[in-house]
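Next comes final10.pdb, a file with PDB, C-alpha atoms and all ligand atoms.
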```pdb
MODEL        1
ATOM      1  CA  MET A 176       0.000   0.000   0.000  1.00  0.00           C
ATOM      2  CA  SER A 177       1.351   3.386  -0.901  1.00  0.00           C
ATOM      3  CA  TRP A 178       0.795   6.327   1.372  1.00  0.00           C
ATOM      4  CA  PRO A 179       0.063   9.647  -0.238  1.00  0.00           C
ATOM      5  CA  LYS A 180       0.235  12.719   1.960  1.00  0.00           C
ATOM      6  CA  LEU A 181      -3.101  13.007   3.704  1.00  0.00           C
ATOM      7  CA  SER A 182      -3.337  16.630   2.579  1.00  0.00           C
ATOM      8  CA  ASP A 183      -3.473  15.360  -1.022  1.00  0.00           C
ATOM      9  CA  ARG A 184      -6.589  13.453  -0.032  1.00  0.00           C
ATOM     10  CA  GLN A 185      -8.332  16.323   1.730  1.00  0.00           C
ATOM     11  CA  LEU A 186     -10.743  16.891  -1.120  1.00  0.00           C
ATOM     12  CA  GLU A 187     -13.666  18.461   0.619  1.00  0.00           C
ATOM     13  CA  SER A 188     -14.616  19.855   3.948  1.00  0.00           C
ATOM     14  CA  GLY A 189     -16.194  17.678   6.587  1.00  0.00           C
ATOM     15  CA  ALA A 190     -14.820  14.302   5.417  1.00  0.00           C
ATOM     16  CA  CYS A 191     -12.126  12.052   6.886  1.00  0.00           C
ATOM     17  CA  CYS A 192      -9.133  12.089   4.537  1.00  0.00           C
ATOM     18  CA  ILE A 193      -8.278   8.445   5.339  1.00  0.00           C
ATOM     19  CA  CYS A 194     -11.637   6.643   5.011  1.00  0.00           C
ATOM     20  CA  GLY A 195     -13.846   9.361   3.529  1.00  0.00           C
ATOM     21  CA  ALA A 196     -16.441   9.233   6.342  1.00  0.00           C
ATOM     22  CA  ARG A 197     -18.407  12.447   6.595  1.00  0.00           C
ATOM     23  CA  ALA A 198     -19.007  14.283   9.854  1.00  0.00           C
ATOM     24  CA  ALA A 199     -22.334  13.057  11.258  1.00  0.00           C
ATOM     25  CA  LEU A 200     -23.845  11.710  14.429  1.00  0.00           C
ATOM     26  CA  GLY A 201     -21.263   9.225  15.727  1.00  0.00           C
ATOM     27  CA  VAL A 202     -18.592  10.339  13.246  1.00  0.00           C
ATOM     28  CA  GLU A 203     -16.378  12.943  14.802  1.00  0.00           C
ATOM     29  CA  LEU A 204     -13.605  14.600  12.808  1.00  0.00           C
ATOM     30  CA  HIS A 205     -10.551  16.307  14.285  1.00  0.00           C
ATOM     31  CA  ALA A 206      -7.877  18.440  12.681  1.00  0.00           C
ATOM     32  CA  TRP A 207      -4.272  17.193  12.636  1.00  0.00           C
ATOM     33  CA  GLU A 208      -1.198  19.099  11.530  1.00  0.00           C
ATOM     34  CA  GLU A 209       0.846  17.464   8.780  1.00  0.00           C
ATOM     35  CA  HIS A 210       4.658  17.309   8.968  1.00  0.00           C
ATOM     36  CA  ASP A 211       7.221  17.126   6.171  1.00  0.00           C
ATOM     37  CA  GLU A 212       9.691  14.287   5.395  1.00  0.00           C
ATOM     38  CA  ALA A 213      11.933  15.539   8.218  1.00  0.00           C
ATOM     39  CA  ASP A 214       9.062  15.710  10.752  1.00  0.00           C
ATOM     40  CA  ARG A 215       8.927  19.514  10.647  1.00  0.00           C
ATOM     41  CA  PRO A 216       5.467  21.102  11.050  1.00  0.00           C
ATOM     42  CA  THR A 217       3.975  22.382   7.800  1.00  0.00           C
ATOM     43  CA  ASP A 218       1.056  24.626   8.889  1.00  0.00           C
ATOM     44  CA  ILE A 219      -1.196  22.315   6.848  1.00  0.00           C
ATOM     45  CA  ALA A 220      -4.081  20.596   8.600  1.00  0.00           C
ATOM     46  CA  VAL A 221      -6.130  17.583   7.593  1.00  0.00           C
ATOM     47  CA  GLU A 222      -9.319  16.114   9.024  1.00  0.00           C
ATOM     48  CA  VAL A 223      -9.329  12.551  10.370  1.00  0.00           C
ATOM     49  CA  CYS A 224     -12.232  10.677  11.969  1.00  0.00           C
ATOM     50  CA  GLU A 225     -12.062   9.122  15.429  1.00  0.00           C
ATOM     51  CA  ALA A 226     -12.464   5.592  14.016  1.00  0.00           C
ATOM     52  CA  CYS A 227      -9.318   5.931  11.894  1.00  0.00           C
ATOM     53  CA  VAL A 228      -7.435   7.266  14.920  1.00  0.00           C
ATOM     54  CA  ALA A 229      -8.711   4.327  17.011  1.00  0.00           C
ATOM     55  CA  ARG A 230      -7.567   1.884  14.313  1.00  0.00           C
ATOM     56  CA  LYS A 231      -4.125   3.528  14.593  1.00  0.00           C
ATOM     57  CA  LEU A 232      -4.183   4.399  10.892  1.00  0.00           C
ATOM     58  CA  ILE A 233      -2.758   7.842  11.550  1.00  0.00           C
ATOM     59  CA  ASP A 234       0.067   6.322  13.655  1.00  0.00           C
ATOM     60  CA  LYS A 235       0.967   3.914  10.851  1.00  0.00           C
ATOM     61  CA  HIS A 236       1.271   6.681   8.292  1.00  0.00           C
ATOM     62  CA  PRO A 237       4.962   7.281   7.516  1.00  0.00           C
ATOM     63  CA  ARG A 238       4.433  11.001   8.022  1.00  0.00           C
ATOM     64  CA  LEU A 239       4.075  12.551  11.427  1.00  0.00           C
ATOM     65  CA  TYR A 240       0.693  14.063  12.263  1.00  0.00           C
ATOM     66  CA  ARG A 241      -0.113  16.018  15.409  1.00  0.00           C
ATOM     67  CA  LYS A 242      -3.635  16.463  16.735  1.00  0.00           C
ATOM     68  CA  LEU A 243      -4.505  20.127  17.129  1.00  0.00           C
ATOM     69  CA  ASP A 244      -5.755  21.432  20.431  1.00  0.00           C
ATOM     70  CA  PRO A 245      -9.357  22.647  19.911  1.00  0.00           C
ATOM     71  CA  MET A 246      -8.329  26.075  21.233  1.00  0.00           C
ATOM     72  CA  GLU A 247      -5.024  26.289  19.375  1.00  0.00           C
ATOM     73  CA  PRO A 248      -4.504  29.251  17.031  1.00  0.00           C
ATOM     74  CA  PHE A 249      -4.272  27.517  13.658  1.00  0.00           C
ATOM     75  CA  PRO A 250      -5.588  29.260  10.517  1.00  0.00           C
ATOM     76  CA  GLY A 251      -8.524  27.366   9.025  1.00  0.00           C
ATOM     77  CA  CYS A 252      -9.258  25.295  12.147  1.00  0.00           C
ATOM     78  CA  MET A 253     -10.298  27.908  14.710  1.00  0.00           C
ATOM     79  CA  ARG A 254     -13.787  28.671  15.938  1.00  0.00           C
ATOM     80  CA  ILE A 255     -13.422  32.197  14.483  1.00  0.00           C
ATOM     81  CA  CYS A 256     -12.743  30.664  11.048  1.00  0.00           C
ATOM     82  CA  GLU A 257     -16.366  29.522  10.833  1.00  0.00           C
ATOM     83  CA  GLY A 258     -18.219  31.730   8.378  1.00  0.00           C
ATOM     84  CA  CYS A 259     -15.005  33.258   6.988  1.00  0.00           C
ATOM     85  CA  ARG A 260     -14.726  33.327   3.213  1.00  0.00           C
ATOM     86  CA  PHE A 261     -11.099  32.128   3.370  1.00  0.00           C
ATOM     87  CA  LYS A 262     -11.951  28.895   5.203  1.00  0.00           C
ATOM     88  CA  GLU A 263     -11.907  25.855   2.957  1.00  0.00           C
ATOM     89  CA  GLY A 264     -12.189  22.589   4.837  1.00  0.00           C
ATOM     90  CA  PRO A 265      -9.504  22.645   7.557  1.00  0.00           C
ATOM     91  CA  SER A 266      -7.480  25.193   5.561  1.00  0.00           C
ATOM     92  CA  CYS A 267      -7.091  28.948   5.377  1.00  0.00           C
ATOM     93  CA  THR A 268      -6.812  30.140   1.770  1.00  0.00           C
ATOM     94  CA  HIS A 269      -5.762  33.703   2.646  1.00  0.00           C
ATOM     95  CA  PRO A 270      -2.460  34.561   0.887  1.00  0.00           C
ATOM     96  CA  ALA A 271      -1.040  35.821   4.225  1.00  0.00           C
ATOM     97  CA  ALA A 272      -1.326  32.358   5.788  1.00  0.00           C
ATOM     98  CA  LYS A 273       2.036  30.572   6.143  1.00  0.00           C
ATOM     99  CA  ARG A 274       0.739  27.493   4.333  1.00  0.00           C
ATOM    100  CA  ASN A 275       0.217  29.768   1.318  1.00  0.00           C
ATOM    101  CA  GLY A 276       3.697  31.272   1.547  1.00  0.00           C
ATOM    102  CA  GLY A 277       2.731  34.392   3.517  1.00  0.00           C
ATOM    103  CA  ASP A 278       4.110  35.773   6.766  1.00  0.00           C
ATOM    104  CA  GLY A 279       1.114  34.512   8.716  1.00  0.00           C
ATOM    105  CA  VAL A 280      -2.316  35.847   9.544  1.00  0.00           C
ATOM    106  CA  THR A 281      -2.712  38.097  12.594  1.00  0.00           C
ATOM    107  CA  ILE A 282      -4.516  36.177  15.317  1.00  0.00           C
ATOM    108  CA  THR A 283      -5.444  37.569  18.721  1.00  0.00           C
ATOM    109  CA  VAL A 284      -5.090  34.859  21.357  1.00  0.00           C
ATOM    110  CA  ALA A 285      -5.808  34.569  25.035  1.00  0.00           C
ATOM    111  CA  HIS A 286      -2.828  34.180  27.368  1.00  0.00           C
ATOM    112  CA  ALA A 287      -1.224  30.766  26.953  1.00  0.00           C
ATOM    113  CA  ILE A 288       0.649  28.832  29.623  1.00  0.00           C
ATOM    114  CA  GLN A 289       4.089  27.600  28.529  1.00  0.00           C
ATOM    115  CA  ALA A 290       4.765  24.062  29.599  1.00  0.00           C
ATOM    116  CA  ILE A 291       7.614  21.600  29.139  1.00  0.00           C
ATOM    117  CA  ALA A 292       7.104  17.868  28.887  1.00  0.00           C
ATOM    118  CA  CYS A 293       9.976  15.453  29.460  1.00  0.00           C
ATOM    119  CA  GLY A 294      10.173  11.772  28.795  1.00  0.00           C
ATOM    120  CA  SER A 295      12.246   9.020  27.295  1.00  0.00           C
ATOM    121  CA  ASP A 296      11.782   6.552  24.490  1.00  0.00           C
ATOM    122  CA  ARG A 297      13.879   4.482  22.096  1.00  0.00           C
ATOM    123  CA  GLY A 298      15.573   7.650  20.896  1.00  0.00           C
ATOM    124  CA  GLY A 299      16.688   8.539  24.426  1.00  0.00           C
ATOM    125  CA  ARG A 300      15.528  11.334  26.670  1.00  0.00           C
ATOM    126  CA  TRP A 301      13.534  14.187  25.183  1.00  0.00           C
ATOM    127  CA  SER A 302      11.898  17.391  26.317  1.00  0.00           C
ATOM    128  CA  ARG A 303       9.335  19.329  24.424  1.00  0.00           C
ATOM    129  CA  ARG A 304       7.947  22.812  24.891  1.00  0.00           C
ATOM    130  CA  PHE A 305       4.266  23.403  24.245  1.00  0.00           C
ATOM    131  CA  ASN A 306       1.444  25.802  24.996  1.00  0.00           C
ATOM    132  CA  ILE A 307      -1.673  25.196  27.015  1.00  0.00           C
ATOM    133  CA  TRP A 308      -4.388  27.360  25.502  1.00  0.00           C
ATOM    134  CA  ALA A 309      -6.730  28.972  28.009  1.00  0.00           C
ATOM    135  CA  ASP A 310      -9.376  30.050  25.502  1.00  0.00           C
ATOM    136  CA  HIS A 311     -10.284  30.064  21.815  1.00  0.00           C
ATOM    137  CA  PRO A 312      -8.524  32.686  19.661  1.00  0.00           C
ATOM    138  CA  LYS A 313     -10.509  35.899  19.801  1.00  0.00           C
ATOM    139  CA  ALA A 314      -9.926  37.506  16.420  1.00  0.00           C
ATOM    140  CA  CYS A 315      -8.146  37.219  13.081  1.00  0.00           C
ATOM    141  CA  ALA A 316      -7.268  40.449  11.236  1.00  0.00           C
ATOM    142  CA  GLU A 317      -7.651  38.721   7.855  1.00  0.00           C
ATOM    143  CA  ARG A 318     -11.113  37.336   8.554  1.00  0.00           C
ATOM    144  CA  VAL A 319     -13.789  38.371   6.048  1.00  0.00           C
ATOM    145  CA  ALA A 320     -17.315  37.292   6.924  1.00  0.00           C
ATOM    146  CA  GLU A 321     -19.089  35.403   4.200  1.00  0.00           C
ATOM    147  CA  PRO A 322     -22.311  37.011   2.980  1.00  0.00           C
ATOM    148  CA  GLU A 323     -25.397  35.626   4.707  1.00  0.00           C
ATOM    149  CA  CYS A 324     -27.573  33.161   2.829  1.00  0.00           C
ATOM    150  CA  ARG A 325     -30.961  34.572   1.849  1.00  0.00           C
ATOM    151  CA  CYS A 326     -32.490  31.342   0.561  1.00  0.00           C
ATOM    152  CA  ALA A 327     -35.522  29.753   2.202  1.00  0.00           C
ATOM    153  CA  ARG A 328     -34.693  26.915   4.584  1.00  0.00           C
ATOM    154  CA  ASN A 329     -36.746  24.443   6.571  1.00  0.00           C
ATOM    155  CA  GLU A 330     -36.398  23.748  10.306  1.00  0.00           C
ATOM    156  CA  GLU A 331     -33.482  21.355   9.685  1.00  0.00           C
ATOM    157  CA  GLY A 332     -31.647  24.131   7.881  1.00  0.00           C
ATOM    158  CA  GLU A 333     -31.963  22.461   4.467  1.00  0.00           C
ATOM    159  CA  ARG A 334     -32.461  24.844   1.615  1.00  0.00           C
ATOM    160  CA  TYR A 335     -35.728  24.235  -0.232  1.00  0.00           C
ATOM    161  CA  TRP A 336     -35.757  27.343  -2.369  1.00  0.00           C
ATOM    162  CA  ARG A 337     -32.733  29.051  -3.819  1.00  0.00           C
ATOM    163  CA  ASP A 338     -32.862  32.814  -4.105  1.00  0.00           C
ATOM    164  CA  PRO A 339     -31.281  33.505  -7.528  1.00  0.00           C
ATOM    165  CA  ASP A 340     -29.687  36.657  -6.098  1.00  0.00           C
ATOM    166  CA  CYS A 341     -28.356  34.986  -2.925  1.00  0.00           C
ATOM    167  CA  PRO A 342     -24.769  36.173  -2.341  1.00  0.00           C
ATOM    168  CA  ALA A 343     -23.723  33.150  -0.206  1.00  0.00           C
ATOM    169  CA  PRO A 344     -21.269  30.628  -1.762  1.00  0.00           C
ATOM    170  CA  HIS A 345     -23.399  27.509  -0.974  1.00  0.00           C
ATOM    171  CA  ARG A 346     -20.551  25.081  -0.355  1.00  0.00           C
ATOM    172  CA  ASP A 347     -23.096  22.761   1.274  1.00  0.00           C
ATOM    173  CA  ALA A 348     -24.971  22.031  -1.944  1.00  0.00           C
TER     174      ALA A 348
HETATM  175 ZN    ZN B   1     -11.707   7.899   8.855  1.00  0.00          ZN
HETATM  176 ZN    ZN B   2     -28.495  31.157  -0.253  1.00  0.00          ZN
ENDMDL
END
```

Show how you would write the structure in this file as structure tokens.
Ligand SMILES: [Zn+2]
Ligand SMILES: [Zn+2]
Amino acid sequence: MSWPKLSDRQLESGACCICGARAALGVELHAWEEHDEADRPTDIAVEVCEACVARKLIDKHPRLYRKLDPMEPFPGCMRICEGCRFKEGPSCTHPAAKRNGGDGVTITVAHAIQAIACGSDRGGRWSRRFNIWADHPKACAERVAEPECRCARNEEGERYWRDPDCPAPHRDA
């Protein structure tokens, strides 16, 4: 079995890039950061379902993937990214984002606690610095709110009549 980068398989939002399962009741997706051949972080996130994590499929992948903290500032995967026109799946498409070659988007974050974890494994002793996020990021300077949908929807939120002049992008249909 060959292993393409999971980011090459992240075709659409809301689907596991290993098995293709879509987010639904009982199918929970989480964002993971992809690393390069030398295990360096890439600022690229992919979505993986809990079942694939439980089956250790993400551990078996030759590339290193790191599960994002739900409150971590990561363009494309933050709560404030919802409803932004630059969000596409778990990715930020703004040219300022590092994954797109920019200097990074400007994110306002709550105070983070710096922590150091130490341990040992086959490679010997290691220590790793990481942040404990106290709250969700508050703002992103590059965020542009998507226009609101004006179509008619039923109680489940499904669109049953499309307003021909609706300015919303309708990625859900
Ligand atoms: Zn899956
Ligand atoms: Zn609409």

Name every residue that the PyMOL selection byres (((not hetatm)) within 9 of (chain B and resi 1)) selects in this structure, writing the answer as number ranges by chain with chains first and numbers rising. A: 190-197, 202, 204, 222-228, 232

Just want the 12 Å neighbourhood of stretch 282-289 of chain A, counted on all atoms listed in the file, with same-chain residues fewer than 2 positions away dropped. Output as a VMD selection string. chain A and resid 246 to 251 253 to 256 271 to 272 279 to 280 291 to 292 303 to 318

Considering all atoms listed in the file, state which residue in the set A:Gly299, A:Gly332, A:Pro179, A:Pro322 is at the smallest distance from A:His236. A:Pro179

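Going from atom CA of A:Glu321 over to atom CA of A:Glu263, you cover 12.0 Å.
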
With all atoms listed in the file as the atoms that count, which of A:Ala213, A:Arg260, A:Tyr335, A:Arg325 lies nearest to ligand ZN 2 (chain B)?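 Among the listed residues, A:Arg325 lies closest to ligand ZN 2 (chain B).
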